[in-house]
Each structure stands twice: as structure tokens, then as C-alpha cells.
$ cat work09.txt   # compact mmCIF, N, CA and C atoms
# COMPACT_ATOMS: atom_id res chain seq x y z
N MET A 220 -34.86 -79.27 -48.93
CA MET A 220 -34.60 -78.05 -48.18
C MET A 220 -33.82 -77.10 -49.08
N SER A 221 -34.29 -75.85 -49.17
CA SER A 221 -33.61 -74.88 -50.02
C SER A 221 -32.40 -74.31 -49.29
N LEU A 222 -31.50 -73.72 -50.04
CA LEU A 222 -30.31 -73.10 -49.46
C LEU A 222 -30.69 -71.98 -48.50
N LEU A 223 -31.73 -71.24 -48.82
CA LEU A 223 -32.18 -70.15 -47.95
C LEU A 223 -32.64 -70.69 -46.60
N ASN A 224 -33.35 -71.80 -46.59
CA ASN A 224 -33.80 -72.40 -45.34
C ASN A 224 -32.62 -72.98 -44.55
N ALA A 225 -31.65 -73.56 -45.25
CA ALA A 225 -30.49 -74.15 -44.58
C ALA A 225 -29.65 -73.10 -43.88
N LEU A 226 -29.62 -71.87 -44.40
CA LEU A 226 -28.79 -70.82 -43.82
C LEU A 226 -29.57 -69.87 -42.93
N SER A 227 -30.80 -70.17 -42.64
CA SER A 227 -31.59 -69.30 -41.76
C SER A 227 -30.95 -69.31 -40.37
N PRO A 228 -31.15 -68.23 -39.60
CA PRO A 228 -30.54 -68.15 -38.27
C PRO A 228 -30.95 -69.29 -37.35
N ARG A 229 -32.03 -69.94 -37.61
CA ARG A 229 -32.51 -71.01 -36.75
C ARG A 229 -31.91 -72.37 -37.12
N SER A 230 -31.24 -72.47 -38.25
CA SER A 230 -30.75 -73.78 -38.68
C SER A 230 -29.59 -74.25 -37.80
N SER A 231 -29.51 -75.55 -37.62
CA SER A 231 -28.44 -76.11 -36.81
C SER A 231 -27.08 -75.91 -37.46
N LEU A 232 -27.05 -75.81 -38.79
CA LEU A 232 -25.79 -75.57 -39.50
C LEU A 232 -25.19 -74.22 -39.09
N VAL A 233 -26.02 -73.18 -39.08
CA VAL A 233 -25.53 -71.85 -38.71
C VAL A 233 -25.13 -71.80 -37.25
N ARG A 234 -25.95 -72.39 -36.36
CA ARG A 234 -25.60 -72.41 -34.94
C ARG A 234 -24.30 -73.16 -34.70
N GLY A 235 -24.13 -74.31 -35.37
CA GLY A 235 -22.90 -75.09 -35.21
C GLY A 235 -21.68 -74.34 -35.72
N LEU A 236 -21.85 -73.67 -36.88
CA LEU A 236 -20.75 -72.90 -37.45
C LEU A 236 -20.37 -71.74 -36.53
N ALA A 237 -21.37 -71.06 -35.97
CA ALA A 237 -21.09 -69.94 -35.06
C ALA A 237 -20.36 -70.43 -33.80
N ALA A 238 -20.79 -71.56 -33.27
CA ALA A 238 -20.12 -72.10 -32.09
C ALA A 238 -18.68 -72.49 -32.39
N THR A 239 -18.44 -73.07 -33.56
CA THR A 239 -17.09 -73.47 -33.96
C THR A 239 -16.19 -72.25 -34.13
N VAL A 240 -16.69 -71.20 -34.77
CA VAL A 240 -15.91 -69.98 -34.96
C VAL A 240 -15.58 -69.35 -33.61
N ALA A 241 -16.56 -69.29 -32.71
CA ALA A 241 -16.32 -68.70 -31.39
C ALA A 241 -15.29 -69.49 -30.60
N ALA A 242 -15.38 -70.82 -30.64
CA ALA A 242 -14.41 -71.66 -29.92
C ALA A 242 -13.02 -71.48 -30.50
N GLY A 243 -12.92 -71.39 -31.81
CA GLY A 243 -11.62 -71.19 -32.45
C GLY A 243 -11.00 -69.85 -32.07
N ALA A 244 -11.82 -68.81 -32.02
CA ALA A 244 -11.32 -67.49 -31.64
C ALA A 244 -10.83 -67.49 -30.19
N LEU A 245 -11.58 -68.15 -29.31
CA LEU A 245 -11.18 -68.23 -27.90
C LEU A 245 -9.87 -69.00 -27.76
N ALA A 246 -9.73 -70.12 -28.47
CA ALA A 246 -8.50 -70.91 -28.39
C ALA A 246 -7.31 -70.12 -28.93
N THR A 247 -7.51 -69.38 -30.01
CA THR A 247 -6.43 -68.57 -30.58
C THR A 247 -6.01 -67.47 -29.61
N ALA A 248 -6.98 -66.82 -28.99
CA ALA A 248 -6.66 -65.77 -28.03
C ALA A 248 -5.89 -66.31 -26.85
N ALA A 249 -6.26 -67.48 -26.36
CA ALA A 249 -5.56 -68.08 -25.23
C ALA A 249 -4.15 -68.48 -25.60
N ALA A 250 -3.96 -68.93 -26.83
CA ALA A 250 -2.64 -69.40 -27.26
C ALA A 250 -1.66 -68.25 -27.47
N VAL A 251 -2.15 -67.07 -27.87
CA VAL A 251 -1.24 -65.97 -28.17
C VAL A 251 -1.16 -64.93 -27.06
N ALA A 252 -1.94 -65.08 -26.00
CA ALA A 252 -1.90 -64.13 -24.88
C ALA A 252 -0.56 -64.23 -24.17
N PRO A 253 0.02 -63.11 -23.78
CA PRO A 253 1.31 -63.17 -23.08
C PRO A 253 1.16 -63.81 -21.71
N ALA A 254 2.18 -64.55 -21.30
CA ALA A 254 2.18 -65.20 -19.99
C ALA A 254 2.85 -64.29 -18.97
N VAL A 255 2.44 -64.40 -17.72
CA VAL A 255 3.06 -63.65 -16.63
C VAL A 255 4.16 -64.52 -16.06
N ALA A 256 5.38 -64.01 -16.01
CA ALA A 256 6.51 -64.79 -15.49
C ALA A 256 6.99 -64.18 -14.19
N ASP A 257 7.50 -65.05 -13.33
CA ASP A 257 8.02 -64.61 -12.05
C ASP A 257 9.04 -65.63 -11.60
N ASP A 258 10.26 -65.23 -11.38
CA ASP A 258 11.29 -66.16 -10.96
C ASP A 258 11.36 -66.33 -9.45
N GLY A 259 10.50 -65.66 -8.71
CA GLY A 259 10.50 -65.78 -7.25
C GLY A 259 9.67 -66.96 -6.80
N TRP A 260 9.54 -67.10 -5.51
CA TRP A 260 8.80 -68.23 -4.94
C TRP A 260 7.31 -68.10 -5.14
N GLY A 261 6.82 -66.93 -5.53
CA GLY A 261 5.39 -66.71 -5.65
C GLY A 261 4.73 -67.48 -6.76
N GLY A 262 5.44 -67.81 -7.83
CA GLY A 262 4.88 -68.61 -8.90
C GLY A 262 3.94 -67.85 -9.82
N GLY A 263 4.09 -66.53 -9.98
CA GLY A 263 3.22 -65.81 -10.89
C GLY A 263 2.95 -64.42 -10.38
N SER A 264 1.83 -63.88 -10.84
CA SER A 264 1.49 -62.52 -10.46
C SER A 264 1.10 -62.48 -8.99
N PRO A 265 1.21 -61.32 -8.36
CA PRO A 265 0.87 -61.23 -6.95
C PRO A 265 -0.55 -61.72 -6.68
N GLY A 266 -0.68 -62.53 -5.65
CA GLY A 266 -1.98 -63.05 -5.28
C GLY A 266 -2.43 -64.26 -6.07
N SER A 267 -1.61 -64.70 -7.02
CA SER A 267 -2.05 -65.83 -7.85
C SER A 267 -1.84 -67.16 -7.18
N GLY A 268 -0.98 -67.23 -6.17
CA GLY A 268 -0.72 -68.50 -5.48
C GLY A 268 0.06 -69.44 -6.37
N ASN A 269 0.22 -70.68 -5.93
CA ASN A 269 0.97 -71.67 -6.69
C ASN A 269 0.08 -72.79 -7.20
N THR A 270 -1.20 -72.56 -7.30
CA THR A 270 -2.12 -73.60 -7.75
C THR A 270 -1.92 -73.84 -9.23
N PHE A 271 -1.84 -75.09 -9.61
CA PHE A 271 -1.71 -75.45 -11.02
C PHE A 271 -3.05 -75.96 -11.51
N ALA A 272 -3.59 -75.34 -12.53
CA ALA A 272 -4.93 -75.68 -13.00
C ALA A 272 -4.92 -76.77 -14.07
N GLY A 273 -3.76 -77.24 -14.48
CA GLY A 273 -3.71 -78.27 -15.50
C GLY A 273 -2.96 -77.77 -16.72
N PRO A 274 -2.76 -78.64 -17.70
CA PRO A 274 -2.02 -78.27 -18.89
C PRO A 274 -2.76 -77.23 -19.71
N THR A 275 -2.01 -76.37 -20.38
CA THR A 275 -2.60 -75.36 -21.24
C THR A 275 -2.17 -75.61 -22.67
N GLY A 276 -3.01 -75.23 -23.59
CA GLY A 276 -2.71 -75.44 -25.00
C GLY A 276 -1.58 -74.53 -25.46
N GLY A 277 -0.85 -74.95 -26.48
CA GLY A 277 0.19 -74.14 -27.08
C GLY A 277 1.44 -74.02 -26.24
N ASN A 278 1.64 -74.87 -25.27
CA ASN A 278 2.80 -74.78 -24.39
C ASN A 278 4.01 -75.43 -25.04
N GLN A 279 5.00 -74.63 -25.38
CA GLN A 279 6.19 -75.17 -26.03
C GLN A 279 7.24 -75.62 -25.02
N GLU A 280 7.05 -75.30 -23.74
CA GLU A 280 8.01 -75.68 -22.70
C GLU A 280 7.84 -77.12 -22.25
N GLN A 281 6.66 -77.70 -22.46
CA GLN A 281 6.35 -79.03 -21.95
C GLN A 281 7.43 -80.03 -22.39
N GLY A 282 8.00 -80.73 -21.44
CA GLY A 282 8.99 -81.75 -21.76
C GLY A 282 10.39 -81.22 -22.04
N ARG A 283 10.59 -79.92 -21.94
CA ARG A 283 11.91 -79.34 -22.21
C ARG A 283 12.91 -79.76 -21.14
N TYR A 284 12.43 -79.85 -19.91
CA TYR A 284 13.29 -80.21 -18.78
C TYR A 284 13.12 -81.70 -18.49
N ARG A 285 14.23 -82.32 -18.08
CA ARG A 285 14.17 -83.74 -17.77
C ARG A 285 14.92 -84.02 -16.48
N GLY A 286 14.60 -85.16 -15.89
CA GLY A 286 15.27 -85.58 -14.68
C GLY A 286 15.28 -87.09 -14.59
N VAL A 287 16.08 -87.61 -13.65
CA VAL A 287 16.14 -89.05 -13.43
C VAL A 287 15.79 -89.32 -11.97
N VAL A 288 14.94 -90.30 -11.75
CA VAL A 288 14.47 -90.65 -10.42
C VAL A 288 15.58 -91.35 -9.65
N THR A 289 15.82 -90.92 -8.39
CA THR A 289 16.88 -91.49 -7.58
C THR A 289 16.34 -92.36 -6.44
N ALA A 290 15.04 -92.34 -6.21
CA ALA A 290 14.43 -93.17 -5.16
C ALA A 290 14.07 -94.54 -5.74
N ASP A 291 14.06 -95.55 -4.88
CA ASP A 291 13.63 -96.88 -5.35
C ASP A 291 12.22 -96.82 -5.89
N ARG A 292 11.33 -96.11 -5.18
CA ARG A 292 9.92 -95.97 -5.58
C ARG A 292 9.44 -94.59 -5.15
N LEU A 293 9.19 -93.71 -6.11
CA LEU A 293 8.79 -92.33 -5.84
C LEU A 293 7.31 -92.16 -6.13
N ALA A 294 6.54 -91.76 -5.10
CA ALA A 294 5.11 -91.51 -5.27
C ALA A 294 4.92 -90.20 -6.04
N LEU A 295 4.14 -90.26 -7.10
CA LEU A 295 3.79 -89.08 -7.89
C LEU A 295 2.36 -88.72 -7.51
N ARG A 296 2.15 -87.46 -7.13
CA ARG A 296 0.92 -87.06 -6.46
C ARG A 296 0.12 -85.98 -7.20
N THR A 297 -1.12 -85.79 -6.73
CA THR A 297 -2.03 -84.80 -7.32
C THR A 297 -1.70 -83.37 -6.92
N SER A 298 -0.88 -83.18 -5.91
CA SER A 298 -0.50 -81.84 -5.45
C SER A 298 0.92 -81.91 -4.88
N PRO A 299 1.59 -80.75 -4.79
CA PRO A 299 2.97 -80.74 -4.27
C PRO A 299 3.02 -80.84 -2.75
N THR A 300 2.34 -81.84 -2.22
CA THR A 300 2.30 -82.07 -0.78
C THR A 300 2.39 -83.56 -0.51
N ARG A 301 2.86 -83.90 0.68
CA ARG A 301 2.92 -85.31 1.05
C ARG A 301 1.53 -85.92 1.19
N GLY A 302 0.53 -85.08 1.37
CA GLY A 302 -0.84 -85.57 1.53
C GLY A 302 -1.61 -85.71 0.22
N GLY A 303 -0.99 -85.29 -0.90
CA GLY A 303 -1.67 -85.41 -2.19
C GLY A 303 -1.89 -86.88 -2.56
N GLU A 304 -2.98 -87.15 -3.24
CA GLU A 304 -3.30 -88.52 -3.65
C GLU A 304 -2.24 -89.06 -4.61
N VAL A 305 -1.83 -90.31 -4.42
CA VAL A 305 -0.83 -90.92 -5.29
C VAL A 305 -1.49 -91.31 -6.61
N ILE A 306 -0.92 -90.81 -7.71
CA ILE A 306 -1.43 -91.13 -9.04
C ILE A 306 -0.75 -92.39 -9.57
N ARG A 307 0.57 -92.43 -9.39
CA ARG A 307 1.37 -93.58 -9.82
C ARG A 307 2.72 -93.50 -9.13
N TYR A 308 3.56 -94.49 -9.39
CA TYR A 308 4.91 -94.50 -8.83
C TYR A 308 5.93 -94.48 -9.96
N ALA A 309 7.04 -93.77 -9.74
CA ALA A 309 8.19 -93.79 -10.63
C ALA A 309 9.29 -94.57 -9.91
N HIS A 310 10.17 -95.20 -10.66
CA HIS A 310 11.19 -96.06 -10.07
C HIS A 310 12.60 -95.57 -10.39
N ARG A 311 13.55 -95.99 -9.56
CA ARG A 311 14.96 -95.58 -9.69
C ARG A 311 15.43 -95.76 -11.14
N GLY A 312 16.07 -94.71 -11.66
CA GLY A 312 16.63 -94.74 -13.01
C GLY A 312 15.67 -94.29 -14.10
N GLU A 313 14.40 -94.14 -13.77
CA GLU A 313 13.40 -93.70 -14.76
C GLU A 313 13.66 -92.24 -15.12
N THR A 314 13.65 -91.93 -16.41
CA THR A 314 13.78 -90.56 -16.87
C THR A 314 12.38 -89.96 -16.97
N VAL A 315 12.21 -88.77 -16.41
CA VAL A 315 10.91 -88.11 -16.41
C VAL A 315 11.00 -86.75 -17.08
N ARG A 316 9.90 -86.31 -17.67
CA ARG A 316 9.81 -84.97 -18.27
C ARG A 316 9.22 -84.04 -17.23
N ILE A 317 9.87 -82.88 -17.04
CA ILE A 317 9.48 -81.92 -16.00
C ILE A 317 8.92 -80.67 -16.67
N HIS A 318 7.73 -80.27 -16.26
CA HIS A 318 7.11 -79.06 -16.80
C HIS A 318 7.61 -77.82 -16.07
N CYS A 319 7.60 -77.87 -14.71
CA CYS A 319 8.02 -76.72 -13.92
C CYS A 319 8.23 -77.14 -12.47
N LYS A 320 8.69 -76.20 -11.63
CA LYS A 320 8.91 -76.48 -10.22
C LYS A 320 8.16 -75.47 -9.36
N THR A 321 7.84 -75.88 -8.14
CA THR A 321 7.15 -75.00 -7.20
C THR A 321 7.49 -75.44 -5.78
N PRO A 322 7.42 -74.53 -4.81
CA PRO A 322 7.62 -74.96 -3.43
C PRO A 322 6.38 -75.69 -2.91
N GLY A 323 6.62 -76.62 -2.01
CA GLY A 323 5.54 -77.38 -1.39
C GLY A 323 6.03 -77.93 -0.06
N ASP A 324 5.48 -79.06 0.35
CA ASP A 324 5.93 -79.70 1.59
C ASP A 324 7.40 -80.07 1.47
N LYS A 325 8.17 -79.85 2.54
CA LYS A 325 9.58 -80.24 2.54
C LYS A 325 9.70 -81.75 2.61
N VAL A 326 10.63 -82.28 1.80
CA VAL A 326 10.95 -83.70 1.82
C VAL A 326 12.45 -83.78 2.11
N HIS A 327 12.80 -84.23 3.30
CA HIS A 327 14.20 -84.28 3.76
C HIS A 327 14.89 -82.95 3.53
N GLY A 328 14.21 -81.85 3.92
CA GLY A 328 14.78 -80.51 3.84
C GLY A 328 14.61 -79.80 2.52
N ASN A 329 14.16 -80.47 1.48
CA ASN A 329 14.01 -79.87 0.16
C ASN A 329 12.54 -79.51 -0.07
N PRO A 330 12.22 -78.20 -0.24
CA PRO A 330 10.82 -77.80 -0.40
C PRO A 330 10.32 -77.84 -1.85
N LEU A 331 11.18 -78.16 -2.81
CA LEU A 331 10.77 -78.10 -4.21
C LEU A 331 10.08 -79.37 -4.68
N TRP A 332 9.10 -79.17 -5.56
CA TRP A 332 8.38 -80.25 -6.21
C TRP A 332 8.37 -79.98 -7.70
N TYR A 333 8.43 -81.04 -8.50
CA TYR A 333 8.39 -80.92 -9.96
C TYR A 333 7.05 -81.42 -10.47
N LEU A 334 6.49 -80.68 -11.42
CA LEU A 334 5.28 -81.13 -12.10
C LEU A 334 5.74 -81.94 -13.32
N LEU A 335 5.42 -83.21 -13.32
CA LEU A 335 5.88 -84.13 -14.36
C LEU A 335 4.80 -84.31 -15.43
N THR A 336 5.24 -84.52 -16.67
CA THR A 336 4.31 -84.61 -17.79
C THR A 336 4.42 -85.94 -18.53
N ASP A 337 4.62 -87.00 -17.81
CA ASP A 337 4.79 -88.32 -18.44
C ASP A 337 3.46 -89.08 -18.49
N GLY A 338 2.63 -88.75 -19.45
CA GLY A 338 1.35 -89.43 -19.58
C GLY A 338 0.28 -88.87 -18.68
N THR A 339 0.60 -88.63 -17.42
CA THR A 339 -0.31 -87.96 -16.48
C THR A 339 0.43 -86.78 -15.90
N TRP A 340 -0.30 -85.78 -15.51
CA TRP A 340 0.31 -84.63 -14.85
C TRP A 340 0.34 -84.94 -13.37
N ALA A 341 1.54 -85.08 -12.81
CA ALA A 341 1.68 -85.46 -11.41
C ALA A 341 2.88 -84.75 -10.80
N TRP A 342 2.83 -84.54 -9.49
CA TRP A 342 3.90 -83.88 -8.76
C TRP A 342 4.83 -84.89 -8.13
N GLY A 343 6.14 -84.67 -8.28
CA GLY A 343 7.15 -85.51 -7.65
C GLY A 343 8.09 -84.66 -6.82
N ALA A 344 8.49 -85.15 -5.67
CA ALA A 344 9.41 -84.41 -4.80
C ALA A 344 10.77 -84.27 -5.50
N ALA A 345 11.23 -83.04 -5.64
CA ALA A 345 12.51 -82.78 -6.31
C ALA A 345 13.68 -83.42 -5.57
N ARG A 346 13.51 -83.72 -4.30
CA ARG A 346 14.55 -84.37 -3.50
C ARG A 346 14.98 -85.68 -4.14
N TYR A 347 14.08 -86.32 -4.85
CA TYR A 347 14.36 -87.64 -5.44
C TYR A 347 14.39 -87.62 -6.97
N ILE A 348 14.60 -86.44 -7.55
CA ILE A 348 14.72 -86.33 -9.01
C ILE A 348 15.94 -85.46 -9.31
N ASP A 349 16.95 -86.02 -9.95
CA ASP A 349 18.14 -85.27 -10.34
C ASP A 349 17.92 -84.69 -11.73
N ASN A 350 18.21 -83.39 -11.87
CA ASN A 350 18.04 -82.73 -13.17
C ASN A 350 19.01 -83.28 -14.20
N ILE A 351 18.54 -83.40 -15.43
CA ILE A 351 19.39 -83.69 -16.58
C ILE A 351 19.38 -82.39 -17.39
N GLY A 352 20.46 -81.65 -17.37
CA GLY A 352 20.48 -80.36 -18.05
C GLY A 352 20.04 -79.25 -17.11
N PRO A 353 19.41 -78.20 -17.67
CA PRO A 353 19.07 -77.04 -16.85
C PRO A 353 17.95 -77.35 -15.84
N ALA A 354 17.96 -76.57 -14.76
CA ALA A 354 16.90 -76.69 -13.75
C ALA A 354 15.59 -76.18 -14.36
N PRO A 355 14.48 -76.79 -13.99
CA PRO A 355 13.19 -76.38 -14.55
C PRO A 355 12.81 -74.94 -14.16
N ARG A 356 11.96 -74.35 -14.93
CA ARG A 356 11.45 -73.01 -14.65
C ARG A 356 10.44 -73.09 -13.50
N TRP A 357 10.11 -71.94 -12.92
CA TRP A 357 9.10 -71.87 -11.87
C TRP A 357 7.72 -71.97 -12.50
N CYS A 358 6.79 -72.58 -11.79
CA CYS A 358 5.40 -72.68 -12.27
C CYS A 358 4.71 -71.34 -12.13

$ encode --input "work09.txt" --output "C-alpha cells"
Amino acid sequence: MSLLNALSPRSSLVRGLAATVAAGALATAAAVAPAVADDGWGGGSPGSGNTFAGPTGGNQEQGRYRGVVTADRLALRTSPTRGGEVIRYAHRGETVRIHCKTPGDKVHGNPLWYLLTDGTWAWGAARYIDNIGPAPRWC
């Protein structure tokens, strides 16, 4: 195969290279785009709700906040609600990494939930997690 044939627009090398360049540009744009911050209960820009879509690339805040579990067995869930599916359990004395906080179902009067980043992304009721250091940022 000649070099001219290898670099033709139809070659898989050119298509693969174009896809790689496009993916890299998209990832770079997402990593450097400014984030919208809001310290209120809204959790972001107006109308954005408090839905968490999952971890994002380039996040330097991940794991900055920590807490210690105070419940004997704390259910960590898929959403900040008592009805969220249990992903795993944390136990008394366990130190957890906290990504952010958001309001959700009240647990013994406390409406806050923490999004934890310990291997899996899961929500834990803040009622049973004592902060170590500063309180987490809002999601």
C-alpha cells in the first residue's frame, strides 16, 4: 500500500485520526469550560435542579472534603433519598471522601446528603457523617 493510498480520505487511519482529534478537542473544551456555582439550595443555575449526572473529568475538588461515619451501618444510595437503591454500606468510624452536598429526604430532621467518592459514587445521609475539616461545597 502506498503512502498516498494510506492517507486517502477513505482510509481507516485518517478516519481514526479524525475521530481521536475530535474527541480530544471535546474533552479539552469540557475540562476548561467555566463551572456555574451557586451557594443556595438550588444546586446550580436556575432550573437546573439537583440531579447529579455522575463524575466529570478534570475535577480537582474530588476527595477534598472528608467525613467520618457515625452510624453502626449507613446505607449508601443511588440518589439522595431514602428510596434510592442501596449500593453498599459504610460502618461506624469509616472515613469517607465527600464530593459535595445537596438537599434530599430528611433523615431525623437533617435534609442534607453527601455524594461520596469512595470507589463508587453514592449518596449518604449527612445526619450520620461528621465533617473532618470544612463543610463540603454544594452540588

$ closest_residue --input "work09.txt" --among "A:Val326, A:Ala344, A:Ala290, A:Cys358" --to "Arg311 of chain A" --atoms "all atoms listed in the file"
A:Ala290

$ closest_residue --input "work09.txt" --among "A:Arg283, A:Thr336, A:Val288, A:Arg356" --to "Thr321 of chain A" --atoms "all atoms listed in the file"
A:Arg356

$ closest_residue --input "work09.txt" --among "A:Gly312, A:Arg307, A:Tyr347, A:Pro299" --to "Asp324 of chain A" --atoms "all atoms listed in the file"
A:Pro299

$ residues_around --input "work09.txt" --residues "Gly303 of chain A" --least-positions-apart "4" --cutoff "10 Å" --atoms "only C-alpha atoms" --output "NGL selection string"
:A and (294-299 or 341-342)

$ closest_residue --input "work09.txt" --among "A:Thr339, A:Asn329, A:Asn350, A:Thr289" --to "Val305 of chain A" --atoms "only C-alpha atoms"
A:Thr339

$ atom_distance --input "work09.txt" --atom1 "atom N of Glu304 of chain A" --atom2 "atom CA of Ile351 of chain A"
26.3 Å

$ closest_residue --input "work09.txt" --among "A:Tyr333, A:Gly286, A:Gly328, A:Trp340" --to "Ile306 of chain A" --atoms "only N, CA and C atoms"
A:Trp340

$ atom_distance --input "work09.txt" --atom1 "atom N of Leu331 of chain A" --atom2 "atom C of His310 of chain A"
19.0 Å

$ closest_residue --input "work09.txt" --among "A:Thr314, A:His327, A:Leu334, A:Arg285" --to "Arg346 of chain A" --atoms "only C-alpha atoms"
A:His327

$ atom_distance --input "work09.txt" --atom1 "atom C of Pro322 of chain A" --atom2 "atom N of Thr300 of chain A"
7.4 Å
